Amino acid sequence: MKGEIKRHTISAVSEYGYELRHIIFGVQSSSRVHYAHRDDYFMFGLIVHGELQCAIDFQHYNLSSDSIVVLSPRQVHKFLSESGIEAFMLLVNPDIMTDNLRKLFDEIDLLPSPVFEAGDYSDLKILLELISRQENVSVGKKMVMAFIEMIADKISNQISGQLKVSGRKKELMFGFRNLLRENITRERRPAYYSDRLNISTVYLNEIVNSLSGYSVSQYIKNEIILMAKRELYYSEDSIKAIASKLGFDDSAYFTRLFTETVGIAPTEFRKNLV
C-alpha cells in the first residue's frame with residue numbers, strides 16, 4: 001500500500017510563483033519524481049522529443065513529440081516511464097495568473113483529456129529557453145504569462161467546438177463543481193445543488209450534460225467514485241473506514257455502488273493496484 005497521498009506546493013519549489021524544469025532522457029534531476037502526487041499549482045508541459053507515459057486520476061496517457069499537457073491543481077498524477085524524452089514542465093501558481101486565464105483553464109479542465117497538439121511550437125520553445133535564463137523575476141513572470149497565453153490560444157483553437165455554451169451556463173457549472181467539492185461527502189442529491197444555485201434541477205441537469213456529457217446524478221457518482229479510488233490506492237484504511245470518510249453510513253451500499261460503477265469490488269480494485 002502506498003500510504004497517504006503526497007501533496008506538492010508551489011511555495012516549496014519557488015518563492016517567485018513559477019518554476020521551469022527541463023527534462024532530458026538519461027539526465028537525472030533531484031526535482032523529477034515518479035510517485036503519485038497532487039499539486040496546488042498548474043503544470044504546463046511541452047513534449048519536444050520522445051515519449052512520456054503518465055497516469056492522471058487513474059487514466060493512462062501517452063505523451064508523444066509535439067504535444068502539450070495541462071495538469072490542474074488537485075489532479076493526482078504520476079509519471080510512469082519515458083523514452084528518448086526532452087520536455088519542458090512549467091509550474092505556475094494560479095495566484096499569479098489573470099482571472100481570464102484561470103477561467104479558461106477551468107473550462108479546459110472540463111474536457112475528458114488534458115493532452116493537446118502542440119503544432120508549431122518553435123516560439124514556445126524559444127520563450128521557455130528565455131525564461132530559463134531570465135534572472136529578473138518581474139520580467140520572468142511576464143514571459144511566463146506570455147507562454148501561458150500562447151498555450152491558451154493553441155488549445156482554444158483546438159477546442160472551439162467542444163465548449164459552445166453560454167458564459168452563464170459555464171459560470172453555473174463552475175459554481176456546481178465548487179459546491180460539489182465542498183459538500184460531496186455530506187450531500188449527493190442533485191436538488192441540493194440546484195437549490196443552492198437558485199435554478200431548477202432540470203436546468204442544472206441540462207447544463208452539466210451539455211458540458212460533461214453526464215447527468216447531474218452520474219457526474220456526482222463519478223466524482224465520489226474517483227475519491228474512493230484515491231482512498232483505496234493511497235491509504236491503508238479499511239473499506240468500512242473509507243465508506244464512512246466519504247459519507248456512506250452503510251459500507252455495504254458503498255461496496256455495491258463502487259462495484260456497479262467500476263465493474264469490480266473495492267477489495268479487488270485495491271488488490272489489482274498493489
# chains A, B, ... in the order shown; residues from 1 in each chain; ligands from 1
call {"tool": "residues_around", "arguments": {"residues": "A:Gly167", "least_positions_apart": "3", "cutoff": "12 Å", "atoms": "only C-alpha atoms", "output": "list in words"}}
result
Lys103, Leu104, Glu107, Leu163, Lys164, Lys170, Glu171, Leu172, Met173, Phe174, Ile207 and Leu211 of chain A
call {"tool": "write_last_selection", "arguments": {"atoms": "N, CA and C atoms", "output": "mmCIF file, in the first residue's frame"}}
result
data_model
loop_
_atom_site.group_PDB
_atom_site.id
_atom_site.type_symbol
_atom_site.label_atom_id
_atom_site.label_comp_id
_atom_site.auth_asym_id
_atom_site.auth_seq_id
_atom_site.Cartn_x
_atom_site.Cartn_y
_atom_site.Cartn_z
ATOM 1 N N LYS A 103 -10.050 31.226 -15.615
ATOM 2 C CA LYS A 103 -11.366 30.794 -16.087
ATOM 3 C C LYS A 103 -11.243 29.901 -17.312
ATOM 4 N N LEU A 104 -10.328 30.279 -18.228
ATOM 5 C CA LEU A 104 -10.141 29.465 -19.430
ATOM 6 C C LEU A 104 -9.665 28.064 -19.071
ATOM 7 N N GLU A 107 -12.316 25.905 -17.744
ATOM 8 C CA GLU A 107 -13.103 25.324 -18.831
ATOM 9 C C GLU A 107 -12.382 24.126 -19.443
ATOM 10 N N LEU A 163 -16.869 23.455 -26.289
ATOM 11 C CA LEU A 163 -17.420 24.153 -25.134
ATOM 12 C C LEU A 163 -18.331 25.298 -25.564
ATOM 13 N N LYS A 164 -19.160 25.031 -26.581
ATOM 14 C CA LYS A 164 -20.039 26.071 -27.115
ATOM 15 C C LYS A 164 -21.315 26.183 -26.295
ATOM 16 N N LYS A 170 -21.597 28.262 -18.163
ATOM 17 C CA LYS A 170 -20.271 27.892 -17.669
ATOM 18 C C LYS A 170 -20.093 28.323 -16.225
ATOM 19 N N GLU A 171 -20.534 29.530 -15.905
ATOM 20 C CA GLU A 171 -20.414 30.011 -14.529
ATOM 21 C C GLU A 171 -21.208 29.134 -13.572
ATOM 22 N N LEU A 172 -22.393 28.704 -13.988
ATOM 23 C CA LEU A 172 -23.201 27.827 -13.146
ATOM 24 C C LEU A 172 -22.531 26.460 -12.984
ATOM 25 N N MET A 173 -21.890 25.985 -14.051
ATOM 26 C CA MET A 173 -21.178 24.709 -13.967
ATOM 27 C C MET A 173 -20.035 24.804 -12.979
ATOM 28 N N PHE A 174 -19.277 25.906 -13.024
ATOM 29 C CA PHE A 174 -18.180 26.080 -12.086
ATOM 30 C C PHE A 174 -18.710 26.202 -10.659
ATOM 31 N N ILE A 207 -27.322 21.835 -18.034
ATOM 32 C CA ILE A 207 -26.004 22.470 -18.041
ATOM 33 C C ILE A 207 -24.897 21.421 -17.910
ATOM 34 N N LEU A 211 -21.973 20.201 -20.866
ATOM 35 C CA LEU A 211 -20.539 20.438 -20.697
ATOM 36 C C LEU A 211 -19.739 19.174 -20.397
#
call {"tool": "residues_around", "arguments": {"residues": "stretch 112-117 of chain A", "least_positions_apart": "5", "cutoff": "12 Å", "atoms": "only C-alpha atoms", "output": "NGL selection string"}}
result
:A and (42-48 or 52-57 or 59-72 or 75 or 77 or 105-107 or 151-159 or 162-163 or 211-214)
call {"tool": "select_by_dssp", "arguments": {"residues": "stretch 72-260 of chain A", "states": "helix (DSSP H, G or I)", "output": "compact mmCIF listing (two decimals) with N, CA, C and O atoms, in the first residue's frame"}}
result
# COMPACT_ATOMS: atom_id res chain seq x y z
N PRO A 94 -1.47 29.50 -9.44
CA PRO A 94 -2.68 30.11 -10.02
C PRO A 94 -2.85 31.57 -9.62
O PRO A 94 -3.45 32.36 -10.36
N ASP A 95 -2.31 31.96 -8.46
CA ASP A 95 -2.48 33.32 -7.96
C ASP A 95 -1.79 34.37 -8.83
O ASP A 95 -2.15 35.55 -8.77
N ILE A 96 -0.79 33.98 -9.61
CA ILE A 96 -0.11 34.97 -10.45
C ILE A 96 -0.71 35.02 -11.85
O ILE A 96 -0.28 35.82 -12.68
N ASP A 99 -7.43 36.51 -14.05
CA ASP A 99 -8.73 35.87 -13.87
C ASP A 99 -9.19 35.19 -15.15
O ASP A 99 -9.76 34.09 -15.12
N ASN A 100 -8.97 35.85 -16.29
CA ASN A 100 -9.40 35.28 -17.57
C ASN A 100 -8.68 33.97 -17.88
O ASN A 100 -9.28 33.02 -18.39
N LEU A 101 -7.38 33.91 -17.57
CA LEU A 101 -6.63 32.67 -17.81
C LEU A 101 -7.11 31.56 -16.89
O LEU A 101 -7.27 30.42 -17.31
N ARG A 102 -7.33 31.89 -15.62
CA ARG A 102 -7.82 30.87 -14.69
C ARG A 102 -9.18 30.33 -15.14
O ARG A 102 -9.44 29.13 -15.08
N LYS A 103 -10.05 31.23 -15.61
CA LYS A 103 -11.37 30.79 -16.09
C LYS A 103 -11.24 29.90 -17.31
O LYS A 103 -11.95 28.90 -17.45
N LEU A 104 -10.33 30.28 -18.23
CA LEU A 104 -10.14 29.47 -19.43
C LEU A 104 -9.67 28.06 -19.07
O LEU A 104 -10.19 27.07 -19.59
N PHE A 105 -8.71 27.96 -18.16
CA PHE A 105 -8.21 26.64 -17.81
C PHE A 105 -9.19 25.88 -16.92
O PHE A 105 -9.14 24.64 -16.88
N ASP A 106 -10.09 26.58 -16.25
CA ASP A 106 -11.20 25.90 -15.59
C ASP A 106 -12.09 25.22 -16.63
O ASP A 106 -12.58 24.11 -16.43
N GLU A 107 -12.32 25.90 -17.74
CA GLU A 107 -13.10 25.32 -18.83
C GLU A 107 -12.38 24.13 -19.44
O GLU A 107 -12.99 23.08 -19.70
N ILE A 108 -11.10 24.28 -19.67
CA ILE A 108 -10.31 23.19 -20.26
C ILE A 108 -10.33 21.97 -19.35
O ILE A 108 -10.34 20.82 -19.82
N SER A 122 7.78 26.23 -32.11
CA SER A 122 9.10 26.87 -32.10
C SER A 122 9.13 28.11 -31.23
O SER A 122 10.08 28.34 -30.47
N ASP A 123 8.08 28.95 -31.31
CA ASP A 123 8.02 30.15 -30.48
C ASP A 123 7.91 29.80 -29.00
O ASP A 123 8.49 30.48 -28.14
N LEU A 124 7.15 28.74 -28.69
CA LEU A 124 7.01 28.30 -27.30
C LEU A 124 8.37 27.87 -26.74
O LEU A 124 8.73 28.21 -25.61
N LYS A 125 9.11 27.11 -27.54
CA LYS A 125 10.41 26.61 -27.09
C LYS A 125 11.40 27.76 -26.87
O LYS A 125 12.14 27.78 -25.88
N ILE A 126 11.39 28.72 -27.78
CA ILE A 126 12.27 29.89 -27.62
C ILE A 126 11.93 30.64 -26.35
O ILE A 126 12.82 31.05 -25.58
N LEU A 127 10.64 30.83 -26.09
CA LEU A 127 10.20 31.56 -24.90
C LEU A 127 10.60 30.82 -23.63
O LEU A 127 11.05 31.42 -22.64
N LEU A 128 10.46 29.49 -23.64
CA LEU A 128 10.86 28.69 -22.48
C LEU A 128 12.36 28.81 -22.22
O LEU A 128 12.80 28.90 -21.07
N GLU A 129 13.13 28.80 -23.28
CA GLU A 129 14.58 28.95 -23.13
C GLU A 129 14.94 30.32 -22.57
O GLU A 129 15.87 30.45 -21.75
N LEU A 130 14.20 31.35 -22.98
CA LEU A 130 14.42 32.69 -22.44
C LEU A 130 14.05 32.74 -20.95
O LEU A 130 14.75 33.37 -20.15
N ILE A 131 12.95 32.09 -20.60
CA ILE A 131 12.53 32.04 -19.19
C ILE A 131 13.60 31.38 -18.34
O ILE A 131 13.91 31.82 -17.23
N SER A 132 14.20 30.31 -18.86
CA SER A 132 15.21 29.56 -18.11
C SER A 132 16.45 30.40 -17.82
O SER A 132 17.16 30.16 -16.84
N ARG A 133 16.71 31.40 -18.67
CA ARG A 133 17.91 32.23 -18.49
C ARG A 133 17.61 33.57 -17.81
O ARG A 133 18.52 34.32 -17.49
N VAL A 137 12.99 38.67 -11.92
CA VAL A 137 11.74 37.97 -11.60
C VAL A 137 10.54 38.62 -12.27
O VAL A 137 9.66 37.94 -12.81
N SER A 138 10.47 39.93 -12.26
CA SER A 138 9.35 40.65 -12.87
C SER A 138 9.25 40.35 -14.36
O SER A 138 8.17 40.07 -14.88
N VAL A 139 10.40 40.41 -15.04
CA VAL A 139 10.42 40.10 -16.48
C VAL A 139 10.09 38.63 -16.69
O VAL A 139 9.36 38.27 -17.62
N GLY A 140 10.61 37.77 -15.81
CA GLY A 140 10.33 36.34 -15.92
C GLY A 140 8.84 36.04 -15.83
O GLY A 140 8.31 35.23 -16.60
N LYS A 141 8.15 36.71 -14.90
CA LYS A 141 6.70 36.49 -14.75
C LYS A 141 5.95 36.93 -16.01
O LYS A 141 4.98 36.27 -16.42
N LYS A 142 6.39 38.02 -16.62
CA LYS A 142 5.75 38.48 -17.85
C LYS A 142 5.94 37.46 -18.97
O LYS A 142 5.03 37.19 -19.76
N MET A 143 7.13 36.85 -19.03
CA MET A 143 7.39 35.81 -20.02
C MET A 143 6.54 34.57 -19.75
O MET A 143 6.02 33.95 -20.68
N VAL A 144 6.41 34.24 -18.48
CA VAL A 144 5.57 33.09 -18.11
C VAL A 144 4.13 33.32 -18.54
O VAL A 144 3.47 32.44 -19.10
N MET A 145 3.62 34.53 -18.28
CA MET A 145 2.25 34.85 -18.69
C MET A 145 2.11 34.81 -20.21
O MET A 145 1.09 34.34 -20.74
N ALA A 146 3.14 35.26 -20.93
CA ALA A 146 3.11 35.22 -22.39
C ALA A 146 3.06 33.78 -22.87
O ALA A 146 2.31 33.44 -23.81
N PHE A 147 3.84 32.91 -22.23
CA PHE A 147 3.84 31.49 -22.59
C PHE A 147 2.46 30.87 -22.37
O PHE A 147 1.93 30.15 -23.22
N ILE A 148 1.86 31.17 -21.20
CA ILE A 148 0.54 30.60 -20.89
C ILE A 148 -0.51 31.13 -21.87
O ILE A 148 -1.40 30.39 -22.29
N GLU A 149 -0.42 32.40 -22.22
CA GLU A 149 -1.34 32.97 -23.21
C GLU A 149 -1.23 32.24 -24.54
O GLU A 149 -2.24 31.95 -25.19
N MET A 150 0.00 31.92 -24.95
CA MET A 150 0.22 31.21 -26.21
C MET A 150 -0.34 29.79 -26.14
O MET A 150 -0.97 29.30 -27.08
N ILE A 151 -0.13 29.13 -24.99
CA ILE A 151 -0.70 27.79 -24.78
C ILE A 151 -2.22 27.86 -24.84
O ILE A 151 -2.88 27.03 -25.48
N ALA A 152 -2.78 28.85 -24.15
CA ALA A 152 -4.24 29.02 -24.12
C ALA A 152 -4.80 29.23 -25.52
O ALA A 152 -5.85 28.69 -25.88
N ASP A 153 -4.10 30.02 -26.32
CA ASP A 153 -4.55 30.29 -27.69
C ASP A 153 -4.53 29.02 -28.52
O ASP A 153 -5.47 28.74 -29.27
N LYS A 154 -3.46 28.24 -28.40
CA LYS A 154 -3.36 26.98 -29.15
C LYS A 154 -4.50 26.03 -28.78
O LYS A 154 -5.15 25.43 -29.64
N ILE A 155 -4.73 25.89 -27.47
CA ILE A 155 -5.76 24.96 -27.02
C ILE A 155 -7.15 25.47 -27.40
O ILE A 155 -8.01 24.69 -27.83
N SER A 156 -7.38 26.77 -27.26
CA SER A 156 -8.69 27.34 -27.60
C SER A 156 -9.05 27.07 -29.05
O SER A 156 -10.21 26.78 -29.38
N ASN A 157 -8.07 27.16 -29.93
CA ASN A 157 -8.31 26.89 -31.35
C ASN A 157 -8.70 25.43 -31.58
O ASN A 157 -9.46 25.12 -32.49
N GLN A 158 -8.17 24.53 -30.74
CA GLN A 158 -8.47 23.11 -30.89
C GLN A 158 -9.81 22.70 -30.31
O GLN A 158 -10.43 21.75 -30.77
N ILE A 159 -10.27 23.41 -29.28
CA ILE A 159 -11.49 23.00 -28.57
C ILE A 159 -12.66 23.93 -28.83
O ILE A 159 -13.68 23.84 -28.15
N GLY A 167 -21.80 31.87 -21.48
CA GLY A 167 -20.99 32.17 -20.31
C GLY A 167 -21.73 31.92 -19.02
O GLY A 167 -21.16 31.48 -18.03
N ARG A 168 -23.05 32.20 -19.03
CA ARG A 168 -23.87 31.99 -17.83
C ARG A 168 -23.87 30.51 -17.45
O ARG A 168 -23.73 30.15 -16.27
N LYS A 169 -24.00 29.62 -18.44
CA LYS A 169 -24.01 28.18 -18.15
C LYS A 169 -22.67 27.72 -17.61
O LYS A 169 -22.61 26.88 -16.71
N LYS A 170 -21.60 28.26 -18.16
CA LYS A 170 -20.27 27.89 -17.67
C LYS A 170 -20.09 28.32 -16.22
O LYS A 170 -19.56 27.57 -15.40
N GLU A 171 -20.53 29.53 -15.91
CA GLU A 171 -20.41 30.01 -14.53
C GLU A 171 -21.21 29.13 -13.57
O GLU A 171 -20.76 28.84 -12.46
N LEU A 172 -22.39 28.70 -13.99
CA LEU A 172 -23.20 27.83 -13.15
C LEU A 172 -22.53 26.46 -12.98
O LEU A 172 -22.58 25.86 -11.91
N MET A 173 -21.89 25.98 -14.05
CA MET A 173 -21.18 24.71 -13.97
C MET A 173 -20.03 24.80 -12.98
O MET A 173 -19.83 23.91 -12.15
N PHE A 174 -19.28 25.91 -13.02
CA PHE A 174 -18.18 26.08 -12.09
C PHE A 174 -18.71 26.20 -10.66
O PHE A 174 -18.11 25.68 -9.71
N GLY A 175 -19.85 26.89 -10.51
CA GLY A 175 -20.46 27.02 -9.19
C GLY A 175 -20.88 25.66 -8.65
O GLY A 175 -20.67 25.35 -7.47
N PHE A 176 -21.48 24.84 -9.52
CA PHE A 176 -21.89 23.49 -9.13
C PHE A 176 -20.67 22.66 -8.73
O PHE A 176 -20.68 21.98 -7.70
N ARG A 177 -19.62 22.75 -9.53
CA ARG A 177 -18.42 21.94 -9.25
C ARG A 177 -17.78 22.35 -7.93
O ARG A 177 -17.34 21.50 -7.15
N ASN A 178 -17.74 23.66 -7.65
CA ASN A 178 -17.16 24.13 -6.39
C ASN A 178 -17.99 23.69 -5.19
O ASN A 178 -17.46 23.27 -4.16
N LEU A 179 -19.31 23.79 -5.34
CA LEU A 179 -20.20 23.34 -4.26
C LEU A 179 -20.04 21.84 -4.03
O LEU A 179 -20.05 21.37 -2.87
N LEU A 180 -19.89 21.10 -5.12
CA LEU A 180 -19.76 19.65 -5.01
C LEU A 180 -18.49 19.28 -4.25
O LEU A 180 -18.51 18.39 -3.39
N ARG A 181 -17.39 19.96 -4.56
CA ARG A 181 -16.13 19.67 -3.87
C ARG A 181 -16.24 19.93 -2.38
O ARG A 181 -15.63 19.23 -1.57
N GLU A 182 -17.02 20.93 -2.01
CA GLU A 182 -17.15 21.29 -0.60
C GLU A 182 -18.13 20.39 0.16
O GLU A 182 -18.00 20.22 1.37
N ASN A 183 -19.11 19.81 -0.55
CA ASN A 183 -20.22 19.14 0.14
C ASN A 183 -20.46 17.68 -0.25
O ASN A 183 -21.36 17.06 0.30
N PRO A 190 -29.02 15.87 -6.34
CA PRO A 190 -28.97 16.94 -7.34
C PRO A 190 -29.77 18.17 -6.92
O PRO A 190 -29.35 19.31 -7.17
N ALA A 191 -30.92 17.94 -6.27
CA ALA A 191 -31.78 19.06 -5.87
C ALA A 191 -31.09 19.99 -4.88
O ALA A 191 -31.34 21.20 -4.86
N TYR A 192 -30.20 19.44 -4.06
CA TYR A 192 -29.48 20.27 -3.10
C TYR A 192 -28.65 21.32 -3.83
O TYR A 192 -28.63 22.49 -3.45
N TYR A 193 -27.97 20.90 -4.90
CA TYR A 193 -27.10 21.80 -5.64
C TYR A 193 -27.87 22.79 -6.51
O TYR A 193 -27.49 23.96 -6.61
N SER A 194 -28.96 22.34 -7.10
CA SER A 194 -29.77 23.27 -7.89
C SER A 194 -30.41 24.33 -6.98
O SER A 194 -30.49 25.51 -7.36
N ASP A 195 -30.82 23.93 -5.78
CA ASP A 195 -31.37 24.90 -4.83
C ASP A 195 -30.32 25.92 -4.42
O ASP A 195 -30.62 27.13 -4.35
N ARG A 196 -29.10 25.47 -4.17
CA ARG A 196 -28.03 26.38 -3.77
C ARG A 196 -27.68 27.36 -4.89
O ARG A 196 -27.24 28.48 -4.63
N THR A 201 -33.63 21.82 -10.99
CA THR A 201 -32.82 20.62 -11.17
C THR A 201 -32.76 20.25 -12.65
O THR A 201 -31.73 19.78 -13.14
N VAL A 202 -33.83 20.49 -13.37
CA VAL A 202 -33.87 20.20 -14.80
C VAL A 202 -32.85 21.05 -15.54
O VAL A 202 -32.11 20.56 -16.41
N TYR A 203 -32.78 22.34 -15.17
CA TYR A 203 -31.84 23.24 -15.83
C TYR A 203 -30.40 22.88 -15.47
O TYR A 203 -29.50 22.91 -16.33
N LEU A 204 -30.14 22.52 -14.21
CA LEU A 204 -28.79 22.10 -13.81
C LEU A 204 -28.39 20.85 -14.58
O LEU A 204 -27.25 20.73 -15.04
N ASN A 205 -29.33 19.95 -14.75
CA ASN A 205 -29.05 18.73 -15.49
C ASN A 205 -28.68 19.05 -16.94
O ASN A 205 -27.76 18.46 -17.52
N GLU A 206 -29.39 20.02 -17.52
CA GLU A 206 -29.11 20.45 -18.90
C GLU A 206 -27.70 21.02 -19.01
O GLU A 206 -26.97 20.72 -19.97
N ILE A 207 -27.32 21.84 -18.03
CA ILE A 207 -26.00 22.47 -18.04
C ILE A 207 -24.90 21.42 -17.91
O ILE A 207 -23.94 21.40 -18.69
N VAL A 208 -25.01 20.56 -16.93
CA VAL A 208 -23.98 19.56 -16.67
C VAL A 208 -23.84 18.61 -17.85
O VAL A 208 -22.73 18.26 -18.27
N ASN A 209 -24.97 18.23 -18.42
CA ASN A 209 -24.94 17.32 -19.57
C ASN A 209 -24.29 17.97 -20.78
O ASN A 209 -23.51 17.33 -21.51
N SER A 210 -24.56 19.26 -21.00
CA SER A 210 -24.02 19.93 -22.18
C SER A 210 -22.52 20.11 -22.10
O SER A 210 -21.83 20.15 -23.12
N LEU A 211 -21.97 20.20 -20.87
CA LEU A 211 -20.54 20.44 -20.70
C LEU A 211 -19.74 19.17 -20.40
O LEU A 211 -18.54 19.12 -20.68
N SER A 212 -20.38 18.18 -19.82
CA SER A 212 -19.63 16.97 -19.45
C SER A 212 -20.13 15.71 -20.14
O SER A 212 -19.41 14.70 -20.18
N VAL A 216 -26.54 15.09 -13.87
CA VAL A 216 -26.03 15.55 -12.58
C VAL A 216 -25.76 14.36 -11.66
O VAL A 216 -24.71 14.28 -11.01
N SER A 217 -26.69 13.42 -11.63
CA SER A 217 -26.54 12.24 -10.76
C SER A 217 -25.29 11.45 -11.11
O SER A 217 -24.53 11.03 -10.24
N GLN A 218 -25.07 11.24 -12.42
CA GLN A 218 -23.91 10.47 -12.85
C GLN A 218 -22.62 11.23 -12.59
O GLN A 218 -21.60 10.65 -12.21
N TYR A 219 -22.66 12.55 -12.77
CA TYR A 219 -21.47 13.37 -12.52
C TYR A 219 -21.07 13.27 -11.05
O TYR A 219 -19.89 13.10 -10.72
N ILE A 220 -22.07 13.37 -10.17
CA ILE A 220 -21.81 13.26 -8.73
C ILE A 220 -21.27 11.87 -8.41
O ILE A 220 -20.30 11.72 -7.64
N LYS A 221 -21.86 10.84 -9.02
CA LYS A 221 -21.39 9.47 -8.78
C LYS A 221 -19.95 9.31 -9.24
O LYS A 221 -19.13 8.70 -8.54
N ASN A 222 -19.62 9.85 -10.42
CA ASN A 222 -18.25 9.75 -10.93
C ASN A 222 -17.25 10.38 -9.98
O ASN A 222 -16.16 9.85 -9.75
N GLU A 223 -17.63 11.53 -9.41
CA GLU A 223 -16.73 12.24 -8.50
C GLU A 223 -16.51 11.45 -7.21
O GLU A 223 -15.38 11.35 -6.72
N ILE A 224 -17.56 10.88 -6.65
CA ILE A 224 -17.41 10.14 -5.40
C ILE A 224 -16.64 8.85 -5.64
O ILE A 224 -15.85 8.41 -4.79
N ILE A 225 -16.80 8.24 -6.80
CA ILE A 225 -16.06 7.02 -7.12
C ILE A 225 -14.58 7.34 -7.32
O ILE A 225 -13.70 6.57 -6.91
N LEU A 226 -14.29 8.48 -7.95
CA LEU A 226 -12.89 8.89 -8.10
C LEU A 226 -12.25 9.10 -6.74
O LEU A 226 -11.09 8.68 -6.50
N MET A 227 -12.97 9.72 -5.82
CA MET A 227 -12.47 9.91 -4.46
C MET A 227 -12.23 8.57 -3.79
O MET A 227 -11.24 8.39 -3.07
N ALA A 228 -13.13 7.62 -4.04
CA ALA A 228 -12.99 6.29 -3.45
C ALA A 228 -11.75 5.59 -4.00
O ALA A 228 -10.99 4.95 -3.25
N LYS A 229 -11.52 5.71 -5.30
CA LYS A 229 -10.33 5.10 -5.91
C LYS A 229 -9.05 5.66 -5.28
O LYS A 229 -8.10 4.91 -5.00
N ARG A 230 -9.03 6.96 -5.09
CA ARG A 230 -7.85 7.57 -4.49
C ARG A 230 -7.62 7.04 -3.08
O ARG A 230 -6.49 6.73 -2.70
N GLU A 231 -8.69 6.92 -2.30
CA GLU A 231 -8.56 6.42 -0.93
C GLU A 231 -8.10 4.97 -0.92
O GLU A 231 -7.25 4.58 -0.10
N LEU A 232 -8.66 4.17 -1.82
CA LEU A 232 -8.29 2.76 -1.88
C LEU A 232 -6.82 2.59 -2.26
O LEU A 232 -6.14 1.68 -1.77
N TYR A 233 -6.34 3.47 -3.10
CA TYR A 233 -4.96 3.34 -3.59
C TYR A 233 -3.94 3.98 -2.65
O TYR A 233 -2.87 3.42 -2.42
N TYR A 234 -4.28 5.13 -2.09
CA TYR A 234 -3.29 5.90 -1.36
C TYR A 234 -3.37 5.78 0.16
O TYR A 234 -2.56 6.34 0.87
N ILE A 239 -12.23 -0.77 4.05
CA ILE A 239 -13.34 -0.39 3.17
C ILE A 239 -14.41 0.34 3.99
O ILE A 239 -14.96 1.36 3.56
N LYS A 240 -14.67 -0.16 5.19
CA LYS A 240 -15.68 0.46 6.05
C LYS A 240 -15.26 1.88 6.43
O LYS A 240 -16.08 2.82 6.41
N ALA A 241 -13.97 2.08 6.74
CA ALA A 241 -13.48 3.41 7.13
C ALA A 241 -13.54 4.37 5.94
O ALA A 241 -13.89 5.55 6.10
N ILE A 242 -13.21 3.88 4.76
CA ILE A 242 -13.26 4.72 3.56
C ILE A 242 -14.70 5.12 3.26
O ILE A 242 -14.99 6.28 2.96
N ALA A 243 -15.62 4.15 3.37
CA ALA A 243 -17.03 4.44 3.14
C ALA A 243 -17.51 5.53 4.10
O ALA A 243 -18.20 6.48 3.69
N SER A 244 -17.13 5.43 5.36
CA SER A 244 -17.53 6.42 6.36
C SER A 244 -16.92 7.78 6.04
O SER A 244 -17.60 8.81 6.14
N LYS A 245 -15.65 7.79 5.64
CA LYS A 245 -14.96 9.03 5.31
C LYS A 245 -15.63 9.75 4.15
O LYS A 245 -15.67 10.99 4.10
N SER A 251 -21.61 0.67 4.66
CA SER A 251 -20.46 0.28 3.84
C SER A 251 -20.85 -0.73 2.76
O SER A 251 -20.22 -0.79 1.71
N ALA A 252 -21.90 -1.52 3.03
CA ALA A 252 -22.36 -2.49 2.03
C ALA A 252 -22.92 -1.76 0.81
O ALA A 252 -22.69 -2.18 -0.34
N TYR A 253 -23.64 -0.66 1.04
CA TYR A 253 -24.16 0.13 -0.07
C TYR A 253 -23.01 0.76 -0.86
O TYR A 253 -23.03 0.79 -2.09
N PHE A 254 -22.01 1.26 -0.14
CA PHE A 254 -20.84 1.83 -0.82
C PHE A 254 -20.18 0.78 -1.71
O PHE A 254 -19.82 1.05 -2.86
N THR A 255 -20.04 -0.43 -1.20
CA THR A 255 -19.42 -1.51 -1.97
C THR A 255 -20.24 -1.83 -3.22
O THR A 255 -19.68 -2.02 -4.31
N ARG A 256 -21.57 -1.87 -3.08
CA ARG A 256 -22.43 -2.15 -4.25
C ARG A 256 -22.30 -1.05 -5.29
O ARG A 256 -22.20 -1.33 -6.50
N LEU A 257 -22.32 0.21 -4.83
CA LEU A 257 -22.22 1.35 -5.74
C LEU A 257 -20.89 1.32 -6.48
O LEU A 257 -20.83 1.51 -7.71
N PHE A 258 -19.81 1.08 -5.77
CA PHE A 258 -18.48 1.03 -6.39
C PHE A 258 -18.41 -0.11 -7.40
O PHE A 258 -17.92 0.07 -8.52
N THR A 259 -18.92 -1.26 -7.02
CA THR A 259 -18.86 -2.44 -7.90
C THR A 259 -19.68 -2.22 -9.17
O THR A 259 -19.23 -2.55 -10.28
N GLU A 260 -20.87 -1.65 -9.02
CA GLU A 260 -21.72 -1.38 -10.19
C GLU A 260 -21.07 -0.37 -11.13
O GLU A 260 -21.19 -0.49 -12.35
call {"tool": "atom_distance", "arguments": {"atom1": "atom CA of A:Glu82", "atom2": "atom CA of A:Leu20"}}
result
18.8 Å
call {"tool": "closest_residue", "arguments": {"among": "A:Ile23, A:Leu111, A:Ala118, A:Val13", "to": "A:Leu91", "atoms": "only C-alpha atoms"}}
result
A:Val13
call {"tool": "atom_distance", "arguments": {"atom1": "atom CA of A:Gly17", "atom2": "atom CA of A:Asn93"}}
result
5.0 Å
call {"tool": "select_by_dssp", "arguments": {"residues": "stretch 75-233 of chain A", "states": "strand (DSSP E)", "output": "list of chain:residue names"}}
result
A:His77, A:Lys78, A:Phe79, A:Leu80, A:Ser81, A:Glu82, A:Ser83, A:Gly84, A:Ile85, A:Glu86, A:Ala87, A:Phe88, A:Met89, A:Leu90, A:Leu91, A:Val92, A:Val115, A:Phe116, A:Glu117
call {"tool": "write_last_selection", "arguments": {"atoms": "C-alpha atoms", "output": "compact mmCIF listing (two decimals), in the first residue's frame"}}
result
# COMPACT_ATOMS: atom_id res chain seq x y z
CA HIS A 77 -0.76 12.19 -11.32
CA LYS A 78 2.29 10.01 -11.71
CA PHE A 79 4.96 9.81 -14.40
CA LEU A 80 5.32 6.13 -15.32
CA SER A 81 8.04 5.84 -17.95
CA GLU A 82 9.89 7.80 -20.60
CA SER A 83 11.78 7.09 -23.80
CA GLY A 84 14.17 9.49 -25.52
CA ILE A 85 12.35 12.34 -23.83
CA GLU A 86 13.04 16.04 -23.98
CA ALA A 87 10.34 18.12 -22.36
CA PHE A 88 9.73 21.35 -20.51
CA MET A 89 7.49 21.49 -17.45
CA LEU A 90 6.39 24.93 -16.25
CA LEU A 91 4.96 25.06 -12.73
CA VAL A 92 2.76 28.09 -12.10
CA VAL A 115 -3.41 16.39 -23.74
CA PHE A 116 -3.40 18.64 -26.83
CA GLU A 117 -1.46 19.06 -30.07
call {"tool": "atom_distance", "arguments": {"atom1": "atom CA of A:Arg7", "atom2": "atom CA of A:Arg38"}}
result
5.0 Å
